[in-house]
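Just below is one structure, and these are the notes that go with it.
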Amino acid sequence: MTYAPYALAVWLLVAGLFGIVASKNLIHLALCVTVAQSGTYVLLLAIGYRKHATAPIFSDVPRSRRAVDPVVQALTLTDIVVGLTVAALLLAQAVKAHEHTGTLDPAELREMQG
Amino acid sequence: MTRSARIILCAAGLAGLVALLAWGVAGLEPFGHYPGPYGTVLNSVEPHERHAANVVSAVVFDYRGVDTLGEELILFGAVMGLAFLLRENREENTRGVRDRVPSEALRAVGLVAVPVVVLLALDLVAHGYLTPGGGFQGGVAAAAGLLLVYLAGDWRAMRHAGPLPVVDAAEAAGASGFLIVGFATLIASGAFLENLLPLGTFGKLTSGGTIPVANWCAGLEVSAAFVLIFLEFLEEIMAEREAK
């Protein structure tokens with residue numbers, strides 16, 4: 001089981017990417033982007049994890065306590081928030097695409113055909 | 001290209017990607033055996049160097065402050081893009097829209113929860129460098145508090161509580177505040193986001209030097225960004241309802 005979190009990260013990334021390519025709906029596509037993104041969060045947090053360690057916050061534990069890596073936590077927490085705003089931007093584009101073409105299917109958007 | 005051809009091509013590519021990633025993962029330390037050294041070093045030196053009890057916040061707003069500035073600018077750019085897209089050609093006439101929540105009990109409980117959530121959010125930001133929390137988490141919670149005004153009350157009340165021009169200005173103030181802290185310290189010390197302010201006592205609200213300042217800027221920017229997203233989408237929905 002020592003590699004299971006990494007396998008989960010790879011699975012999320014691949015499932016998200018496959019969803020993006022196979023998507024028939026722009027809203028579904030935007031959500032697939034967030035699924036692929038969450039693979040990176042699992043990977044980062046898995047790399048920084050140490051056995052028998054606490055969170056790197058020393059307000060009520062001794063400073064000598066073993067703690068997990070704060071750097072990957074910092075990367076993950078900022079990206080969760082920023083990733084959500086990017087998802088909102090993608091959804092806004094879906095709204096506009098629907099307004100202009102009357103469809104949410106990426107295959108039916110004339111500009112996307114090629 | 002047909003859809004099935006695209007899927008077959010994608011599956012072949014992804015199989016290659018999985019093989020590559022599996023190869024990479026096989027070279028990693030097993031889960032739970034953190035190789036270091038950055039996390040270990042930061043956890044041991046940060047309390048002496050920056051006096052902030054939450055090392056994650058010290059990393060976000062100090063050690064990797066430049067990276068966070070980049071993230072904040074992505075957030076700012078994404079929200080501006082969303083506003084540009086949704087504000088284009090919008091029907092401004094939404095006077096006839098009624099969306100008051102009919103249940104009095106729901107309204108009462110929901111609106112009582114609004115100050116509680118906002119207070120919790122402010123607490124998350126204020127103690128973000130001492131206990132779990134920070135500007136990013138607290139900012140999202142604060143925006144959720146304002147969204148409750150819509151969910152339990154009505155859309156007009158939410159728009160009244162957070163008018164768009166004010167939210168726009170708050171968003172810009174948060175983003176530029178972070179930049180100002182960066183450039184002020186650059187001018188004063190020669191290094192971007194150098195921690196110049198007094199570091200205070202470990203575990204106290206006054207600890208951390210410039211970390212609390214950057215933390216509040218991020219809180220303001222993130223809360224304004226999410227409120228703006230909610231308002232823009234709601235405005236879009238209401239304009240459509242009015243058109244029907």
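Lettering and numbering for the structure tokens are positional, with chains as A, B, ... in the shown order, residues counted from 1 in each chain, and ligands counted from 1 in the shown order.
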
Self-check item: Interface list for chain A, partner chain B, 6 Å threshold, only C-alpha atoms, as a PyMOL selection string
Solution: chain A and resi 2-3+48-51+56-59+69-70+74+82+86+89+92

For the selection you just gave me, I'd like the residues written to a file as a PDB file, in the first residue's frame, keeping C-alpha atoms.
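And here is the file that came out, out.pdb:
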ATOM      1  CA  THR A   2       3.006   2.289   0.158  1.00  0.00           C
ATOM      2  CA  TYR A   3       2.417   3.538  -3.381  1.00  0.00           C
ATOM      3  CA  GLY A  48       5.151  15.703   1.783  1.00  0.00           C
ATOM      4  CA  TYR A  49       3.612  13.170   4.172  1.00  0.00           C
ATOM      5  CA  ARG A  50       5.725  11.621   6.959  1.00  0.00           C
ATOM      6  CA  LYS A  51       4.677   8.746   9.185  1.00  0.00           C
ATOM      7  CA  PRO A  56       3.311  21.944  10.559  1.00  0.00           C
ATOM      8  CA  ILE A  57       1.455  24.285  12.934  1.00  0.00           C
ATOM      9  CA  PHE A  58       3.156  24.703  16.298  1.00  0.00           C
ATOM     10  CA  SER A  59       0.578  26.748  18.200  1.00  0.00           C
ATOM     11  CA  ASP A  69       6.318  19.212   4.747  1.00  0.00           C
ATOM     12  CA  PRO A  70       4.736  22.719   4.849  1.00  0.00           C
ATOM     13  CA  ALA A  74       1.227  25.794   0.879  1.00  0.00           C
ATOM     14  CA  VAL A  82      -6.997  29.680  -7.529  1.00  0.00           C
ATOM     15  CA  VAL A  86     -10.133  29.244 -13.158  1.00  0.00           C
ATOM     16  CA  LEU A  89     -13.794  31.306 -15.841  1.00  0.00           C
ATOM     17  CA  ALA A  92     -18.376  31.560 -17.881  1.00  0.00           C
TER      18      ALA A  92
END

Quiz prompt | Contact residues around Pro198 of chain B with only C-alpha atoms at 9 Å, ignoring same-chain residues under 4 positions, as a PyMOL selection string | solution = chain B and resi 206-210

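Nearest residue to Ala7 of chain A, choosing from A:Ala88, A:Ala67, A:Ala94, A:Val42 and counting only C-alpha atoms: A:Val42.
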
Exercise. Excluding Leu234 of chain B and residues on its chain fewer than 3 positions from it, collect all residues at most 12 Å away from it, counting only C-alpha atoms, and give them as a ChimeraX atom specification.
Key: /A:92 /B:86-87,94,97,99,147,150-151,154-156,158-159,164,227-231,237-241
